[in-house]
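Structure first, commentary second.
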Amino acid sequence: MTRFDFTPLFRSTIGFDRMAQLLESALDVEDVGSGYPPYNIEKSGDDKYRITLAVAGFTADELDVQVKENAVTVSGRKAEANGDRSYLHRGIAARDFRRVFQLTDYVKVVGATMDNGLLHVDLAREVPEEMKPRKIEIAAGGSKGLFGKAKQLVGDDKAA
């Protein structure tokens, strides 16, 4: 597959490096190729989300969930089997994996649970108060504005 080089974008932009990293990680074939383990992403409320991964055969000790720089990484490393087993058919995948999920701003991981072979990673969007929309009251008072001075048009020599 063709690889895109985002180096010129990194060099010529300031403050957009996170967007370039997201583009680069979206095109990264390493995590997309296998499709293992299968997963769901659910929206359970206005600001609540859940990632569910099917991790049959893994114990909680063999799984790792980490958050770093707006990304959740879920990885599994299967412990070595002690006994010699001979399979006639092996349909349950028990291979190591690593899945990375990019998070938008203000989305936090609030917990992870394991139930019946499914790993649930719960997320919540927590927007700071100063970033939320707020209503500005319009005060009556004519053309004086907030600072009590009459409005002056730029370049208007007659007003002063």
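The way I read the labels, and the way they are meant: chains A, B, ... in the order of the structure tokens, residue 1 as the first residue of every chain, and ligand 1 as the first ligand shown, with later ones counted on from there.
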**Request:** For Ala79 of chain A, please output as a PyMOL selection string all residues within 12 Å (counting only C-alpha atoms; exclusion window: fewer than 5 positions along the same chain).
**Result:** chain A and resi 57-63+94-96
I need the chosen residues saved as a compact mmCIF listing (two decimals), in the first residue's frame, with N, CA and C atoms.
```txt
# COMPACT_ATOMS: atom_id res chain seq x y z
N GLY A 57 -11.02 -16.02 25.86
CA GLY A 57 -9.82 -16.77 26.15
C GLY A 57 -8.76 -15.99 26.90
N PHE A 58 -8.94 -14.66 27.02
CA PHE A 58 -7.99 -13.84 27.76
C PHE A 58 -8.51 -13.61 29.18
N THR A 59 -7.60 -13.56 30.14
CA THR A 59 -7.97 -13.17 31.50
C THR A 59 -7.66 -11.69 31.67
N ALA A 60 -8.17 -11.10 32.72
CA ALA A 60 -7.93 -9.67 32.98
C ALA A 60 -6.44 -9.39 33.16
N ASP A 61 -5.69 -10.36 33.68
CA ASP A 61 -4.25 -10.17 33.87
C ASP A 61 -3.49 -10.15 32.55
N GLU A 62 -4.04 -10.73 31.52
CA GLU A 62 -3.38 -10.78 30.22
C GLU A 62 -3.72 -9.58 29.34
N LEU A 63 -4.60 -8.71 29.82
CA LEU A 63 -5.02 -7.53 29.07
C LEU A 63 -4.44 -6.27 29.69
N ALA A 94 -6.12 -17.01 19.94
CA ALA A 94 -5.50 -16.67 21.22
C ALA A 94 -4.15 -16.01 20.96
N ARG A 95 -4.10 -15.15 19.97
CA ARG A 95 -2.85 -14.49 19.63
C ARG A 95 -2.79 -13.12 20.29
N ASP A 96 -1.59 -12.60 20.39
CA ASP A 96 -1.40 -11.27 20.96
C ASP A 96 -2.01 -10.23 20.03
```
**Request:** Within segment 83-129 of chain A, find each residue whose DSSP state, derived from the backbone, is strand (DSSP E or B), and express the selection as a ChimeraX atom specification.
**Result:** /A:97-102,107-115,118-125
**Asked** To one decimal place, how far is atom CA of Arg125 of chain A from atom CA of Ser44 of chain A in Å?
**Response** 11.7 Å
**Request:** List the neighbours of Phe97 of chain A out to 9 Å using only C-alpha atoms; skip same-chain residues closer than 6 positions along the sequence, and give me the result as a PyMOL selection string.
**Result:** chain A and resi 31+36-37+74-77
**Request:** Considering only C-alpha atoms, return as a list in words whatever protein or nucleic-acid residues lie within 9 Å of Gly111 of chain A, sequence-local ones (same chain, fewer than 3 positions apart) excluded.
**Result:**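 Here the qualifying residues turn out to be His120, Val121, Asp122 and Leu123 of chain A.
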Neighbour list for Phe101 of chain A as a PDB file with C-alpha atoms, in the first residue's frame, cut-off 8 Å, only C-alpha atoms, skip fewer than 6 positions in-chain:
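And here's around.pdb as it stands now:
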```
ATOM      1  CA  ALA A  71      -5.367   7.647  22.505  1.00  0.00           C
ATOM      2  CA  VAL A  72      -6.554   4.491  24.251  1.00  0.00           C
ATOM      3  CA  THR A  73      -4.406   1.447  23.604  1.00  0.00           C
TER       4      THR A  73
END
```
